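Okay, structure first, notes after.
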Amino acid sequence: MRTPRCFCVMWRLTPVILLHLLLLDAGGYAQSVPKPQIVALHTARMAQDLYLIQPPADSEDGNVLVFCSEEGVLLSDTGLSRVVPQLQDALQSLPCQTKLVRYVIDTHWHRDHAGGNMSFANAGALIIAHDETRRLMSSDQKLLGSTVSAYPESARPAVTFSMSLTLHLKNGDVIAEHYSNAHTAGDVVVSFVQQNVLHIGDIYYGAVFPWVDVAHGGTLMGLRRSIEELLHQPDSTIFVPGHGDPISKAELNTMAKMLDESFETIRQGISQGLTLRQIQDKGLPDRWKSWQWEGMSTSAWIENVYNETKEGLNHQ
């Protein structure tokens, strides 16, 4: 396995750029935004009948997993709408018995993961997602001070579920399971059972302080619980994040440790009567300094953890 990439784009994106590139995807979903130059996608075989279609390291596009079944192709996520032509070309290059996309499962509502839904739905694919994902897609949403337009009806999930859903295909089962209030309220982990591969979306996207969509149900504690649940998988499991290279449990363990130490540092500071500024001045252990990025400094990360910790204490 290659050394996992950081979520390189997240290192450089300010919240405003993040909003425009990840959520205001062009292609009829919202107002037009500049389209960055499109470069070739990379295709890799993950296991029998399972392939990863991956954008370049400096791209904001999300990973797409392709399962070739006798009944038709299943996609886990569809990326941004602007990359659909390349994605379709990549699908044609795969040794699938049929190239018709029959099923799509969305890991969550953000457009870098579900922006291509409409193209595949209009060609006959059945879109599947969590109940909350459809709800968020069905109306305009406020995010980072801007309005994200609703998805067109055809791009929204036609089939939704609350806990889990299983597709029993001839060459293997695919299970979509809800991981609540992690990156968003509607996160789904897609398990390719026989292949021992999980698509975990943005529950993990690199060795950086994570951004969660608080406005739409994301929580850091929920993210930590989700990672703990993933750590119960067999050691041989391959995890495909929403961005970057596949990872193992080692990377998830490191993320869990960072989250635990962050929460513990803030809890101790609060119990000692320290203000947020004083806790920020003390900072985190030096081993986490490299986890800050342009959109999430260590001080901003401490503030996020502090706010969620204080809210939890206020509800006790």
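Letters for chains follow the order of the structure tokens (A, B, ...), residue numbers begin at 1 for each chain, and ligand numbers begin at 1 in the order shown.
Assigned to alpha helix (DSSP H) in range 96-239 of chain A, given DSSP computed from backbone atoms, are Arg111, Asp112, His113, Ala114, Asn117, Met118, Ser119, Phe120, Ala121, Asn122, Asp131, Glu132, Thr133, Arg134, Arg135, Leu136, Met137, Leu220, Met221, Gly222, Leu223, Arg224, Arg225, Ser226, Ile227, Glu228, Glu229 and Leu230 of chain A.
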Quiz item: Among range 108-306 of chain A, which ones does DSSP place in strand (DSSP E), written as a ChimeraX atom specification?
Solution: /A:126-130,141-143,146-148,159-161,164-169,172-178,188-192,197-201,238-241
Please dump the current selection as an mmCIF file, in the first residue's frame; keep C-alpha atoms.
```cif
data_model
loop_
_atom_site.group_PDB
_atom_site.id
_atom_site.type_symbol
_atom_site.label_atom_id
_atom_site.label_comp_id
_atom_site.auth_asym_id
_atom_site.auth_seq_id
_atom_site.Cartn_x
_atom_site.Cartn_y
_atom_site.Cartn_z
ATOM 1 C CA LEU A 126 -30.923 4.286 -8.817
ATOM 2 C CA ILE A 127 -29.557 6.785 -6.279
ATOM 3 C CA ILE A 128 -29.341 5.514 -2.690
ATOM 4 C CA ALA A 129 -28.445 7.488 0.439
ATOM 5 C CA HIS A 130 -29.341 8.129 4.050
ATOM 6 C CA GLN A 141 -28.850 25.077 2.600
ATOM 7 C CA LYS A 142 -26.907 27.780 4.405
ATOM 8 C CA LEU A 143 -23.221 27.005 4.706
ATOM 9 C CA SER A 146 -23.671 31.399 1.647
ATOM 10 C CA THR A 147 -26.641 29.593 0.164
ATOM 11 C CA VAL A 148 -26.099 26.204 -1.437
ATOM 12 C CA VAL A 159 -34.175 5.157 -2.121
ATOM 13 C CA THR A 160 -33.230 6.154 1.432
ATOM 14 C CA PHE A 161 -32.732 4.352 4.720
ATOM 15 C CA SER A 164 -28.521 0.320 6.955
ATOM 16 C CA LEU A 165 -29.315 -1.129 3.569
ATOM 17 C CA THR A 166 -27.915 -4.222 1.847
ATOM 18 C CA LEU A 167 -27.723 -4.900 -1.879
ATOM 19 C CA HIS A 168 -27.433 -8.624 -2.549
ATOM 20 C CA LEU A 169 -25.686 -8.773 -5.898
ATOM 21 C CA GLY A 172 -21.120 -10.003 -3.555
ATOM 22 C CA ASP A 173 -23.057 -8.034 -0.958
ATOM 23 C CA VAL A 174 -22.752 -4.273 -0.584
ATOM 24 C CA ILE A 175 -23.847 -2.772 2.739
ATOM 25 C CA ALA A 176 -24.524 0.936 3.268
ATOM 26 C CA GLU A 177 -24.520 1.798 6.978
ATOM 27 C CA HIS A 178 -25.286 5.100 8.676
ATOM 28 C CA VAL A 188 -22.756 6.503 5.104
ATOM 29 C CA VAL A 189 -19.978 3.901 5.095
ATOM 30 C CA VAL A 190 -20.198 1.567 2.116
ATOM 31 C CA SER A 191 -18.897 -1.940 2.776
ATOM 32 C CA PHE A 192 -17.928 -4.283 -0.037
ATOM 33 C CA VAL A 197 -13.014 -2.826 1.528
ATOM 34 C CA LEU A 198 -14.922 0.080 3.123
ATOM 35 C CA HIS A 199 -15.599 3.441 1.514
ATOM 36 C CA ILE A 200 -15.721 5.819 4.489
ATOM 37 C CA GLY A 201 -16.266 9.185 2.792
ATOM 38 C CA ILE A 238 -8.821 -1.538 3.533
ATOM 39 C CA PHE A 239 -10.435 1.862 4.113
ATOM 40 C CA VAL A 240 -10.960 4.222 1.191
ATOM 41 C CA PRO A 241 -11.444 7.815 2.394
#
```
Exercise. Please provide the set of residues having any atom within 9 Å of Leu100 in chain A, restricted to only C-alpha atoms, with same-chain residues fewer than 3 positions apart removed, written as a PyMOL selection string.
Key: chain A and resi 71-74+123-125
Written file, previous selection with C-alpha atoms, as a short mmCIF file (atom, residue, chain, number, x, y, z; two decimals), in the first residue's frame:
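And here is the file that came out, out-v1.cif:
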```cif
data_model
loop_
_atom_site.label_atom_id
_atom_site.label_comp_id
_atom_site.auth_asym_id
_atom_site.auth_seq_id
_atom_site.Cartn_x
_atom_site.Cartn_y
_atom_site.Cartn_z
CA GLU A 71 -26.58 -6.84 -12.73
CA GLY A 72 -24.71 -3.64 -13.59
CA VAL A 73 -22.16 -1.25 -12.15
CA LEU A 74 -22.49 0.18 -8.63
CA ALA A 123 -29.11 7.41 -17.57
CA GLY A 124 -31.11 5.01 -15.38
CA ALA A 125 -29.13 4.63 -12.15
#
```
Quiz item: Which residue, A:His42, A:Arg111, A:Lys310, A:Arg135, has the smallest gap to Asp89 in chain A when you use only C-alpha atoms?
Solution: A:His42
With a cut-off of 12 Å, could you pull out the residues of range 21-135 of chain A touching range 213-223 of chain A and give me the nearest pair of atoms for each, distance in Å to one decimal, using only C-alpha atoms, ordered by chain and ascending number, as JSON lines?
```
{"residue": "A:Leu23", "atom": "CA", "partner": "A:Asp213", "partner_atom": "CA", "distance": 11.6}
{"residue": "A:His108", "atom": "CA", "partner": "A:His216", "partner_atom": "CA", "distance": 10.8}
{"residue": "A:Trp109", "atom": "CA", "partner": "A:His216", "partner_atom": "CA", "distance": 9.7}
{"residue": "A:His110", "atom": "CA", "partner": "A:Asp213", "partner_atom": "CA", "distance": 9.6}
{"residue": "A:Glu132", "atom": "CA", "partner": "A:His216", "partner_atom": "CA", "distance": 9.3}
{"residue": "A:Thr133", "atom": "CA", "partner": "A:His216", "partner_atom": "CA", "distance": 9.7}
{"residue": "A:Arg135", "atom": "CA", "partner": "A:His216", "partner_atom": "CA", "distance": 10.5}
```
Only all heavy atoms, please: the residues just picked out, written as a PDB file, in the first residue's frame.
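File written: again.pdb
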```pdb
ATOM      1  N   LEU A  23     -19.080  22.667  -2.809  1.00  0.00           N
ATOM      2  CA  LEU A  23     -20.519  22.674  -2.606  1.00  0.00           C
ATOM      3  C   LEU A  23     -21.306  23.413  -3.679  1.00  0.00           C
ATOM      4  O   LEU A  23     -22.476  23.106  -3.882  1.00  0.00           O
ATOM      5  CB  LEU A  23     -20.838  23.281  -1.237  1.00  0.00           C
ATOM      6  CG  LEU A  23     -20.186  22.558  -0.063  1.00  0.00           C
ATOM      7  CD1 LEU A  23     -20.493  23.271   1.222  1.00  0.00           C
ATOM      8  CD2 LEU A  23     -20.635  21.117   0.006  1.00  0.00           C
ATOM      9  N   HIS A 108     -22.392  11.088   1.470  1.00  0.00           N
ATOM     10  CA  HIS A 108     -23.031  12.223   2.150  1.00  0.00           C
ATOM     11  C   HIS A 108     -23.438  13.249   1.103  1.00  0.00           C
ATOM     12  O   HIS A 108     -23.271  13.014  -0.100  1.00  0.00           O
ATOM     13  CB  HIS A 108     -22.125  12.833   3.223  1.00  0.00           C
ATOM     14  CG  HIS A 108     -20.793  13.344   2.767  1.00  0.00           C
ATOM     15  ND1 HIS A 108     -19.768  12.512   2.345  1.00  0.00           N
ATOM     16  CD2 HIS A 108     -20.280  14.611   2.666  1.00  0.00           C
ATOM     17  CE1 HIS A 108     -18.705  13.223   2.019  1.00  0.00           C
ATOM     18  NE2 HIS A 108     -19.004  14.516   2.192  1.00  0.00           N
ATOM     19  N   TRP A 109     -23.960  14.382   1.522  1.00  0.00           N
ATOM     20  CA  TRP A 109     -24.641  15.294   0.618  1.00  0.00           C
ATOM     21  C   TRP A 109     -23.742  16.269  -0.127  1.00  0.00           C
ATOM     22  O   TRP A 109     -24.162  16.890  -1.098  1.00  0.00           O
ATOM     23  CB  TRP A 109     -25.702  16.095   1.378  1.00  0.00           C
ATOM     24  CG  TRP A 109     -25.191  17.225   2.219  1.00  0.00           C
ATOM     25  CD1 TRP A 109     -24.585  17.134   3.436  1.00  0.00           C
ATOM     26  CD2 TRP A 109     -25.253  18.630   1.909  1.00  0.00           C
ATOM     27  NE1 TRP A 109     -24.267  18.389   3.911  1.00  0.00           N
ATOM     28  CE2 TRP A 109     -24.669  19.331   2.993  1.00  0.00           C
ATOM     29  CE3 TRP A 109     -25.764  19.363   0.838  1.00  0.00           C
ATOM     30  CZ2 TRP A 109     -24.565  20.718   3.034  1.00  0.00           C
ATOM     31  CZ3 TRP A 109     -25.655  20.756   0.875  1.00  0.00           C
ATOM     32  CH2 TRP A 109     -25.060  21.414   1.961  1.00  0.00           C
ATOM     33  N   HIS A 110     -22.484  16.432   0.262  1.00  0.00           N
ATOM     34  CA  HIS A 110     -21.609  17.432  -0.345  1.00  0.00           C
ATOM     35  C   HIS A 110     -21.344  17.122  -1.813  1.00  0.00           C
ATOM     36  O   HIS A 110     -21.188  15.970  -2.206  1.00  0.00           O
ATOM     37  CB  HIS A 110     -20.289  17.515   0.422  1.00  0.00           C
ATOM     38  CG  HIS A 110     -20.432  18.071   1.787  1.00  0.00           C
ATOM     39  ND1 HIS A 110     -19.501  17.860   2.784  1.00  0.00           N
ATOM     40  CD2 HIS A 110     -21.403  18.842   2.353  1.00  0.00           C
ATOM     41  CE1 HIS A 110     -19.887  18.475   3.897  1.00  0.00           C
ATOM     42  NE2 HIS A 110     -21.037  19.074   3.652  1.00  0.00           N
ATOM     43  N   GLU A 132     -31.247  11.552   5.874  1.00  0.00           N
ATOM     44  CA  GLU A 132     -30.832  12.920   6.116  1.00  0.00           C
ATOM     45  C   GLU A 132     -30.162  13.532   4.892  1.00  0.00           C
ATOM     46  O   GLU A 132     -30.279  14.734   4.644  1.00  0.00           O
ATOM     47  CB  GLU A 132     -29.880  12.971   7.320  1.00  0.00           C
ATOM     48  CG  GLU A 132     -29.555  14.363   7.820  1.00  0.00           C
ATOM     49  CD  GLU A 132     -30.745  15.082   8.434  1.00  0.00           C
ATOM     50  OE1 GLU A 132     -31.791  14.445   8.671  1.00  0.00           O
ATOM     51  OE2 GLU A 132     -30.621  16.299   8.685  1.00  0.00           O
ATOM     52  N   THR A 133     -29.469  12.718   4.132  1.00  0.00           N
ATOM     53  CA  THR A 133     -28.828  13.210   2.915  1.00  0.00           C
ATOM     54  C   THR A 133     -29.871  13.704   1.921  1.00  0.00           C
ATOM     55  O   THR A 133     -29.730  14.787   1.335  1.00  0.00           O
ATOM     56  CB  THR A 133     -27.951  12.118   2.285  1.00  0.00           C
ATOM     57  OG1 THR A 133     -26.853  11.841   3.160  1.00  0.00           O
ATOM     58  CG2 THR A 133     -27.411  12.539   0.929  1.00  0.00           C
ATOM     59  N   ARG A 135     -32.843  14.766   2.661  1.00  0.00           N
ATOM     60  CA  ARG A 135     -33.459  15.967   3.219  1.00  0.00           C
ATOM     61  C   ARG A 135     -32.595  17.197   2.940  1.00  0.00           C
ATOM     62  O   ARG A 135     -33.104  18.249   2.525  1.00  0.00           O
ATOM     63  CB  ARG A 135     -33.665  15.803   4.725  1.00  0.00           C
ATOM     64  CG  ARG A 135     -34.444  16.955   5.363  1.00  0.00           C
ATOM     65  CD  ARG A 135     -34.491  16.848   6.871  1.00  0.00           C
ATOM     66  NE  ARG A 135     -33.205  17.129   7.483  1.00  0.00           N
ATOM     67  CZ  ARG A 135     -32.717  18.354   7.692  1.00  0.00           C
ATOM     68  NH1 ARG A 135     -33.416  19.425   7.315  1.00  0.00           N
ATOM     69  NH2 ARG A 135     -31.543  18.521   8.265  1.00  0.00           N
TER      70      ARG A 135
END
```
Quiz prompt | Spatial neighbours of Ile203 in chain A, max dist 8 Å, only C-alpha atoms, sep filter under 4 positions, as number ranges by chain | solution = A: 182-183, 187, 223, 226-227, 241-242
Can those selected residues be exported to a file as a PDB file, in the first residue's frame so that it contains C-alpha atoms?
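Full text of again18.pdb as output:
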```
ATOM      1  CA  ALA A 182     -19.775  12.614  12.115  1.00  0.00           C
ATOM      2  CA  HIS A 183     -18.731  14.722   9.107  1.00  0.00           C
ATOM      3  CA  ASP A 187     -22.709   9.967   6.617  1.00  0.00           C
ATOM      4  CA  LEU A 223     -16.532  11.687  14.224  1.00  0.00           C
ATOM      5  CA  SER A 226     -17.396   6.704  13.959  1.00  0.00           C
ATOM      6  CA  ILE A 227     -13.652   6.146  13.895  1.00  0.00           C
ATOM      7  CA  PRO A 241     -11.444   7.815   2.394  1.00  0.00           C
ATOM      8  CA  GLY A 242     -13.381  10.432   0.492  1.00  0.00           C
TER       9      GLY A 242
END
```
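Residues in contact with range 58-68 of chain A at up to 7 Å, not including ones fewer than 3 positions away on its chain and judged by only C-alpha atoms, are Cys8, Val9, Leu22, Asp49, Leu50, Tyr51, Leu52, Ile53, Gln54, Pro55, Gly72, Val73, Leu74, Leu75, Ser76, Asp77, Thr78, Gly79, Leu80, Cys96, Asp112, His113, Gly242 and His243 of chain A.
With only C-alpha atoms taken into account, the protein and nucleic acid residues at most 6 Å from range 136-139 of chain A (excluding it and anything under 2 positions from it in its own chain) are Thr133, Arg134, Ala150 and Tyr151 of chain A.
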Self-check item: Contacts of Ser262 in chain A within 9 Å, only C-alpha atoms, excl. fewer than 5 positions in-chain, as number ranges by chain
Solution: A: 257, 267, 284-285, 301-302, 305
Once you have the residues from the selection above, write them out as a PDB file, in the first residue's frame, restricted to C-alpha atoms.
```
ATOM      1  CA  LYS A 257      -5.387   9.530  19.362  1.00  0.00           C
ATOM      2  CA  ARG A 267     -11.414  19.353  29.272  1.00  0.00           C
ATOM      3  CA  LEU A 284      -1.678  20.960  22.037  1.00  0.00           C
ATOM      4  CA  PRO A 285       1.216  18.496  22.342  1.00  0.00           C
ATOM      5  CA  TRP A 301      -9.104  23.635  15.990  1.00  0.00           C
ATOM      6  CA  ILE A 302      -8.881  24.198  19.753  1.00  0.00           C
ATOM      7  CA  VAL A 305     -13.149  21.385  20.288  1.00  0.00           C
TER       8      VAL A 305
END
```
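CA of Leu91 in chain A lies 12.1 Å from CA of Phe120 in chain A.
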